[in-house]
$ cat protein00.pdb   # PDB, C-alpha atoms
ATOM      1  CA  MET X   1     -66.152 123.065  27.264
ATOM      2  CA  PHE X   2     -68.878 125.402  25.985
ATOM      3  CA  TRP X   3     -71.486 122.610  25.857
ATOM      4  CA  LYS X   4     -70.577 121.491  29.365
ATOM      5  CA  PHE X   5     -71.092 125.075  30.535
ATOM      6  CA  LEU X   6     -74.503 125.233  28.815
ATOM      7  CA  ASP X   7     -75.468 121.879  30.279
ATOM      8  CA  ASN X   8     -74.768 123.221  33.777
ATOM      9  CA  ILE X   9     -75.965 126.806  33.359
ATOM     10  CA  GLU X  10     -78.810 126.420  35.872
ATOM     11  CA  SER X  11     -76.478 124.949  38.464
ATOM     12  CA  ILE X  12     -74.010 127.806  38.008
ATOM     13  CA  ILE X  13     -76.745 130.445  38.197
ATOM     14  CA  CYS X  14     -78.311 128.803  41.276
ATOM     15  CA  ARG X  15     -74.965 128.628  43.077
ATOM     16  CA  PHE X  16     -74.274 132.277  42.339
ATOM     17  CA  LEU X  17     -77.756 133.394  43.431
ATOM     18  CA  LEU X  18     -77.780 131.261  46.595
ATOM     19  CA  SER X  19     -74.364 132.407  47.747
ATOM     20  CA  GLY X  20     -75.251 135.988  46.820
ATOM     21  CA  PHE X  21     -78.471 136.281  48.757
ATOM     22  CA  VAL X  22     -77.100 134.374  51.758
ATOM     23  CA  LEU X  23     -74.095 136.716  51.858
ATOM     24  CA  LEU X  24     -76.327 139.779  51.535
ATOM     25  CA  LEU X  25     -78.602 138.608  54.337
ATOM     26  CA  PHE X  26     -75.560 137.866  56.511
ATOM     27  CA  VAL X  27     -74.311 141.430  55.947
ATOM     28  CA  GLN X  28     -77.779 142.728  56.788
ATOM     29  CA  ILE X  29     -77.884 140.777  60.048
ATOM     30  CA  LEU X  30     -74.408 141.936  61.057
ATOM     31  CA  SER X  31     -75.287 145.517  60.208
ATOM     32  CA  ARG X  32     -78.449 145.409  62.314
ATOM     33  CA  GLU X  33     -76.931 143.663  65.295
ATOM     34  CA  LEU X  34     -73.565 145.430  65.440
ATOM     35  CA  PHE X  35     -74.363 148.907  64.181
ATOM     36  CA  GLY X  36     -78.140 149.193  64.566
ATOM     37  CA  TYR X  37     -78.405 150.118  60.900
ATOM     38  CA  SER X  38     -80.384 148.377  58.196
ATOM     39  CA  PHE X  39     -79.911 148.516  54.428
ATOM     40  CA  SER X  40     -83.389 148.529  52.907
ATOM     41  CA  TRP X  41     -82.139 147.579  49.452
ATOM     42  CA  ILE X  42     -80.509 144.357  50.717
ATOM     43  CA  GLU X  43     -83.808 142.777  51.701
ATOM     44  CA  GLU X  44     -85.444 143.664  48.401
ATOM     45  CA  LEU X  45     -82.502 142.409  46.342
ATOM     46  CA  SER X  46     -82.370 139.205  48.413
ATOM     47  CA  VAL X  47     -86.037 138.517  47.730
ATOM     48  CA  TYR X  48     -85.542 139.003  43.994
ATOM     49  CA  MET X  49     -82.456 136.790  44.022
ATOM     50  CA  PHE X  50     -84.380 134.110  45.910
ATOM     51  CA  VAL X  51     -87.240 134.196  43.399
ATOM     52  CA  TRP X  52     -84.780 133.860  40.519
ATOM     53  CA  PHE X  53     -83.091 131.015  42.431
ATOM     54  CA  VAL X  54     -86.406 129.166  42.716
ATOM     55  CA  PHE X  55     -87.219 129.446  39.009
ATOM     56  CA  PHE X  56     -83.749 128.416  37.825
ATOM     57  CA  GLY X  57     -83.813 125.647  40.432
ATOM     58  CA  ALA X  58     -87.022 124.348  38.865
ATOM     59  CA  SER X  59     -85.282 124.254  35.502
ATOM     60  CA  TYR X  60     -82.337 122.428  37.065
ATOM     61  CA  ALA X  61     -84.742 119.908  38.600
ATOM     62  CA  ALA X  62     -86.224 119.333  35.132
ATOM     63  CA  LEU X  63     -82.723 118.672  33.812
ATOM     64  CA  LYS X  64     -82.118 116.096  36.541
ATOM     65  CA  SER X  65     -85.616 114.627  36.134
ATOM     66  CA  ALA X  66     -86.189 115.409  39.784
ATOM     67  CA  HIS X  67     -89.622 117.044  39.737
ATOM     68  CA  ASN X  68     -92.287 115.435  41.880
ATOM     69  CA  ARG X  69     -94.485 112.985  40.014
ATOM     70  CA  VAL X  70     -97.281 110.670  40.951
ATOM     71  CA  THR X  71     -95.758 107.278  40.128
ATOM     72  CA  PHE X  72     -97.785 104.866  42.215
ATOM     73  CA  GLN X  73     -99.725 103.668  39.158
ATOM     74  CA  PHE X  74     -96.499 102.545  37.476
ATOM     75  CA  LYS X  75     -96.207  99.639  39.910
ATOM     76  CA  PHE X  76     -99.117  98.018  38.063
ATOM     77  CA  LEU X  77     -97.676  98.463  34.560
ATOM     78  CA  PRO X  78     -94.954  96.664  32.627
ATOM     79  CA  ALA X  79     -91.645  98.539  32.820
ATOM     80  CA  ARG X  80     -91.399  99.043  29.047
ATOM     81  CA  TYR X  81     -94.476 101.343  29.052
ATOM     82  CA  ILE X  82     -93.453 103.599  31.917
ATOM     83  CA  LYS X  83     -91.051 105.868  30.014
ATOM     84  CA  TRP X  84     -93.651 106.395  27.257
ATOM     85  CA  ILE X  85     -96.376 107.285  29.739
ATOM     86  CA  GLU X  86     -94.020 109.712  31.477
ATOM     87  CA  ALA X  87     -93.213 111.271  28.098
ATOM     88  CA  PHE X  88     -96.934 111.630  27.375
ATOM     89  CA  ALA X  89     -97.403 113.347  30.737
ATOM     90  CA  ASP X  90     -94.442 115.585  29.933
ATOM     91  CA  LEU X  91     -96.275 116.704  26.796
ATOM     92  CA  PHE X  92     -98.908 118.336  29.005
ATOM     93  CA  TRP X  93     -96.124 119.959  31.004
ATOM     94  CA  ILE X  94     -94.565 121.287  27.792
ATOM     95  CA  PHE X  95     -97.930 122.649  26.565
ATOM     96  CA  PHE X  96     -98.425 124.411  29.885
ATOM     97  CA  ASN X  97     -94.899 125.865  29.752
ATOM     98  CA  VAL X  98     -95.290 127.103  26.167
ATOM     99  CA  TYR X  99     -98.566 128.802  27.046
ATOM    100  CA  PHE X 100     -97.032 130.288  30.194
ATOM    101  CA  ILE X 101     -94.015 131.528  28.198
ATOM    102  CA  TYR X 102     -96.406 133.264  25.820
ATOM    103  CA  LEU X 103     -98.320 134.884  28.707
ATOM    104  CA  ALA X 104     -95.151 135.891  30.566
ATOM    105  CA  TYR X 105     -93.552 137.328  27.438
ATOM    106  CA  ASP X 106     -96.696 139.305  26.664
ATOM    107  CA  PHE X 107     -96.865 140.580  30.242
ATOM    108  CA  VAL X 108     -93.201 141.563  30.505
ATOM    109  CA  PHE X 109     -92.733 143.135  27.089
ATOM    110  CA  ASN X 110     -96.197 144.388  26.126
ATOM    111  CA  ARG X 111     -98.282 145.042  29.222
ATOM    112  CA  MET X 112     -95.823 146.196  31.870
ATOM    113  CA  ASN X 113     -95.713 149.890  32.472
ATOM    114  CA  LYS X 114     -92.226 151.314  31.962
ATOM    115  CA  PHE X 115     -92.637 153.305  35.164
ATOM    116  CA  TRP X 116     -93.207 150.282  37.415
ATOM    117  CA  LYS X 117     -90.062 150.236  39.492
ATOM    118  CA  SER X 118     -88.925 148.356  42.560
ATOM    119  CA  GLN X 119     -89.371 150.230  45.834
ATOM    120  CA  THR X 120     -85.803 150.668  47.032
ATOM    121  CA  LEU X 121     -83.604 149.664  44.107
ATOM    122  CA  GLY X 122     -85.453 151.688  41.489
ATOM    123  CA  ILE X 123     -85.041 148.927  38.878
ATOM    124  CA  GLU X 124     -87.738 148.546  36.242
ATOM    125  CA  MET X 125     -89.877 145.583  37.289
ATOM    126  CA  LYS X 126     -89.688 144.189  33.780
ATOM    127  CA  TYR X 127     -86.094 143.128  34.521
ATOM    128  CA  ILE X 128     -87.225 141.317  37.659
ATOM    129  CA  TYR X 129     -90.117 139.562  35.916
ATOM    130  CA  MET X 130     -87.960 138.580  32.958
ATOM    131  CA  VAL X 131     -87.076 135.436  34.878
ATOM    132  CA  LEU X 132     -90.499 134.011  33.991
ATOM    133  CA  PRO X 133     -90.126 133.612  30.218
ATOM    134  CA  VAL X 134     -86.405 132.821  30.507
ATOM    135  CA  ALA X 135     -86.708 130.111  33.167
ATOM    136  CA  PHE X 136     -89.797 128.487  31.654
ATOM    137  CA  THR X 137     -88.150 128.415  28.218
ATOM    138  CA  LEU X 138     -85.080 126.814  29.733
ATOM    139  CA  MET X 139     -87.254 124.350  31.653
ATOM    140  CA  THR X 140     -89.081 123.380  28.455
ATOM    141  CA  ILE X 141     -85.764 122.800  26.697
ATOM    142  CA  ARG X 142     -84.622 120.619  29.605
ATOM    143  CA  ILE X 143     -87.832 118.550  29.535
ATOM    144  CA  LEU X 144     -87.336 117.940  25.820
ATOM    145  CA  GLN X 145     -83.674 117.132  26.414
ATOM    146  CA  VAL X 146     -84.448 114.571  29.131
ATOM    147  CA  ASN X 147     -87.115 112.902  26.996
ATOM    148  CA  TYR X 148     -84.727 112.776  24.037
ATOM    149  CA  LYS X 149     -82.132 111.060  26.221
ATOM    150  CA  LYS X 150     -84.685 108.573  27.567
ATOM    151  CA  LEU X 151     -86.670 107.788  24.415
ATOM    152  CA  ILE X 152     -84.235 108.230  21.524
ATOM    153  CA  ARG X 153     -80.807 107.520  23.004
ATOM    154  CA  GLY X 154     -82.090 104.998  25.540
ATOM    155  CA  ASP X 155     -80.220 106.560  28.472
ATOM    156  CA  ASP X 156     -81.406 105.713  31.957
ATOM    157  CA  ILE X 157     -82.116 109.004  33.688
ATOM    158  CA  ALA X 158     -82.140 108.036  37.331
ATOM    159  CA  ASP X 159     -84.585 109.737  39.634
ATOM    160  CA  PRO X 160     -82.408 111.313  42.359
ATOM    161  CA  ASP X 161     -84.867 110.076  44.991
ATOM    162  CA  GLN X 162     -84.348 106.488  43.869
ATOM    163  CA  ILE X 163     -80.541 106.553  43.983
ATOM    164  CA  ASP X 164     -79.087 104.430  46.773
ATOM    165  CA  LEU X 165     -76.260 106.523  48.217
ATOM    166  CA  ASP X 166     -75.001 103.672  50.390
ATOM    167  CA  GLU X 167     -74.569 101.499  47.305
ATOM    168  CA  ILE X 168     -72.685 104.264  45.476
ATOM    169  CA  LYS X 169     -70.408 104.773  48.483
ATOM    170  CA  ALA X 170     -69.763 101.044  48.751
ATOM    171  CA  ASN X 171     -68.912 100.878  45.036
ATOM    172  CA  SER X 172     -66.563 103.847  45.240
ATOM    173  CA  ASP X 173     -64.858 102.370  48.330
ATOM    174  CA  ALA X 174     -64.452  99.069  46.465
ATOM    175  CA  ASP X 175     -62.932 100.930  43.489
ATOM    176  CA  LYS X 176     -60.432 102.677  45.777
ATOM    177  CA  ASN X 177     -59.376  99.389  47.367
ATOM    178  CA  ALA X 178     -59.019  97.572  44.036
TER
END
$ encode --input "protein00.pdb" --output "structure tokens"
Amino acid sequence: MFWKFLDNIESIICRFLLSGFVLLLFVQILSRELFGYSFSWIEELSVYMFVWFVFFGASYAALKSAHNRVTFQFKFLPARYIKWIEAFADLFWIFFNVYFIYLAYDFVFNRMNKFWKSQTLGIEMKYIYMVLPVAFTLMTIRILQVNYKKLIRGDDIADPDQIDLDEIKANSDADKNA
């Protein structure tokens, strides 16, 4: 149960953030249109929630192996080499992430002024920017996890863009009828 929760943490966080900022913006629209009053803090909080949503969504995409890649060159290579070349490319991604984690950590915890606060909420900006080292660390873990599954365990991590939904539906309909 705990491991399943950890394996879906990005999905849970993204669902919470998406529903939260959509609900807040809906309240803001109703408030403006019906009462002619606007909550300034709602827009700021919605922007921060959206930014967090984007970064955790990027980590979730890494978990699902759904990031955009240039794969045209793989059509000219034998299939057995493709997963190793992708893993080699992922090494560069991991190096970038580790360096970015270092820079983000240094910025958030060493260089940010304690008195930098958000305009309307009054929250220290360090808490807003903390998404950078957290999300990039999580993304790096997910990249390593996906490569472990592909290279060591031999699992086939399907690219969500390559999944044929009609075939899945036909198979599930056949299972229901059987």
$ closest_atom_pairs --input "protein00.pdb" --of "stretch 81-114 of chain X" --to "stretch 138-154 of chain X" --cutoff "10 Å" --atoms "all atoms listed in the file" --output "CSV"
residue,atom,partner,partner_atom,distance
X:Lys83,CA,X:Lys150,CA,7.3
X:Trp84,CA,X:Leu151,CA,7.7
X:Glu86,CA,X:Asn147,CA,8.8
X:Ala87,CA,X:Asn147,CA,6.4
X:Phe88,CA,X:Asn147,CA,9.9
X:Asp90,CA,X:Ile143,CA,7.3
X:Leu91,CA,X:Ile143,CA,9.1
X:Trp93,CA,X:Thr140,CA,8.2
X:Ile94,CA,X:Thr140,CA,5.9
X:Phe95,CA,X:Thr140,CA,9.1
X:Phe96,CA,X:Thr140,CA,9.5
X:Asn97,CA,X:Thr140,CA,6.5
X:Val98,CA,X:Thr140,CA,7.6
X:Ile101,CA,X:Thr140,CA,9.5
$ residues_around --input "protein00.pdb" --residues "stretch 125-129 of chain X" --least-positions-apart "5" --cutoff "7 Å" --atoms "all atoms listed in the file" --output "list in words"
Tyr48, Val108, Met112, Trp116, Lys117 and Ser118 of chain X
$ write_last_selection --input "protein00.pdb" --atoms "C-alpha atoms" --output "PDB file, keeping the file's coordinate frame"
ATOM      1  CA  TYR X  48     -85.542 139.003  43.994  1.00  0.00           C
ATOM      2  CA  VAL X 108     -93.201 141.563  30.505  1.00  0.00           C
ATOM      3  CA  MET X 112     -95.823 146.196  31.870  1.00  0.00           C
ATOM      4  CA  TRP X 116     -93.207 150.282  37.415  1.00  0.00           C
ATOM      5  CA  LYS X 117     -90.062 150.236  39.492  1.00  0.00           C
ATOM      6  CA  SER X 118     -88.925 148.356  42.560  1.00  0.00           C
TER       7      SER X 118
END
$ residues_around --input "protein00.pdb" --residues "stretch 51-60 of chain X" --least-positions-apart "6" --cutoff "6 Å" --atoms "all atoms listed in the file" --output "MDAnalysis selection string"
chainID X and resid 10 14 17 135 139
$ resolve_selection --input "protein00.pdb" --expression "the PyMOL selection byres ((chain X and resi 41) around 12)" --output "NGL selection string"
:X and (21 or 24-25 or 27-28 or 38-40 or 42-48 or 118-123)
$ atom_distance --input "protein00.pdb" --atom1 "atom CA of X:Glu167" --atom2 "atom CA of X:Leu63"
23.3 Å
$ closest_residue --input "protein00.pdb" --among "X:Ala79, X:Ala66, X:Met130, X:Leu103" --to "X:Ile157" --atoms "all atoms listed in the file"
X:Ala66
$ decode --input "protein00.pdb" --residues "stretch 40-51 of chain X" --atoms "N, CA, C and O atoms" --output "tab-separated table (two decimals), in the first residue's frame"
chain	number	residue	atom	x	y	z
X	40	SER	N	-7.58	39.10	-4.57
X	40	SER	CA	-6.26	39.20	-5.20
X	40	SER	C	-5.40	37.98	-4.88
X	40	SER	O	-4.59	37.56	-5.70
X	41	TRP	N	-5.58	37.40	-3.73
X	41	TRP	CA	-4.75	36.27	-3.33
X	41	TRP	C	-5.06	35.01	-4.13
X	41	TRP	O	-4.20	34.14	-4.29
X	42	ILE	N	-6.29	34.90	-4.67
X	42	ILE	CA	-6.66	33.70	-5.43
X	42	ILE	C	-5.83	33.59	-6.70
X	42	ILE	O	-5.33	32.51	-7.04
X	43	GLU	N	-5.65	34.68	-7.40
X	43	GLU	CA	-4.88	34.63	-8.64
X	43	GLU	C	-3.42	34.26	-8.37
X	43	GLU	O	-2.83	33.46	-9.09
X	44	GLU	N	-2.85	34.84	-7.32
X	44	GLU	CA	-1.46	34.53	-7.01
X	44	GLU	C	-1.30	33.06	-6.59
X	44	GLU	O	-0.41	32.36	-7.08
X	45	LEU	N	-2.18	32.58	-5.73
X	45	LEU	CA	-2.12	31.19	-5.30
X	45	LEU	C	-2.35	30.24	-6.47
X	45	LEU	O	-1.68	29.21	-6.59
X	46	SER	N	-3.24	30.59	-7.38
X	46	SER	CA	-3.50	29.75	-8.56
X	46	SER	C	-2.27	29.66	-9.45
X	46	SER	O	-1.98	28.58	-9.98
X	47	VAL	N	-1.57	30.75	-9.61
X	47	VAL	CA	-0.35	30.73	-10.42
X	47	VAL	C	0.69	29.82	-9.78
X	47	VAL	O	1.31	28.99	-10.45
X	48	TYR	N	0.88	29.94	-8.47
X	48	TYR	CA	1.85	29.08	-7.79
X	48	TYR	C	1.44	27.61	-7.87
X	48	TYR	O	2.30	26.74	-8.07
X	49	MET	N	0.16	27.34	-7.72
X	49	MET	CA	-0.31	25.96	-7.81
X	49	MET	C	-0.11	25.42	-9.22
X	49	MET	O	0.25	24.26	-9.40
X	50	PHE	N	-0.31	26.26	-10.23
X	50	PHE	CA	-0.10	25.83	-11.61
X	50	PHE	C	1.37	25.52	-11.87
X	50	PHE	O	1.70	24.52	-12.51
X	51	VAL	N	2.26	26.35	-11.36
X	51	VAL	CA	3.69	26.11	-11.55
X	51	VAL	C	4.10	24.81	-10.88
X	51	VAL	O	4.80	23.99	-11.46
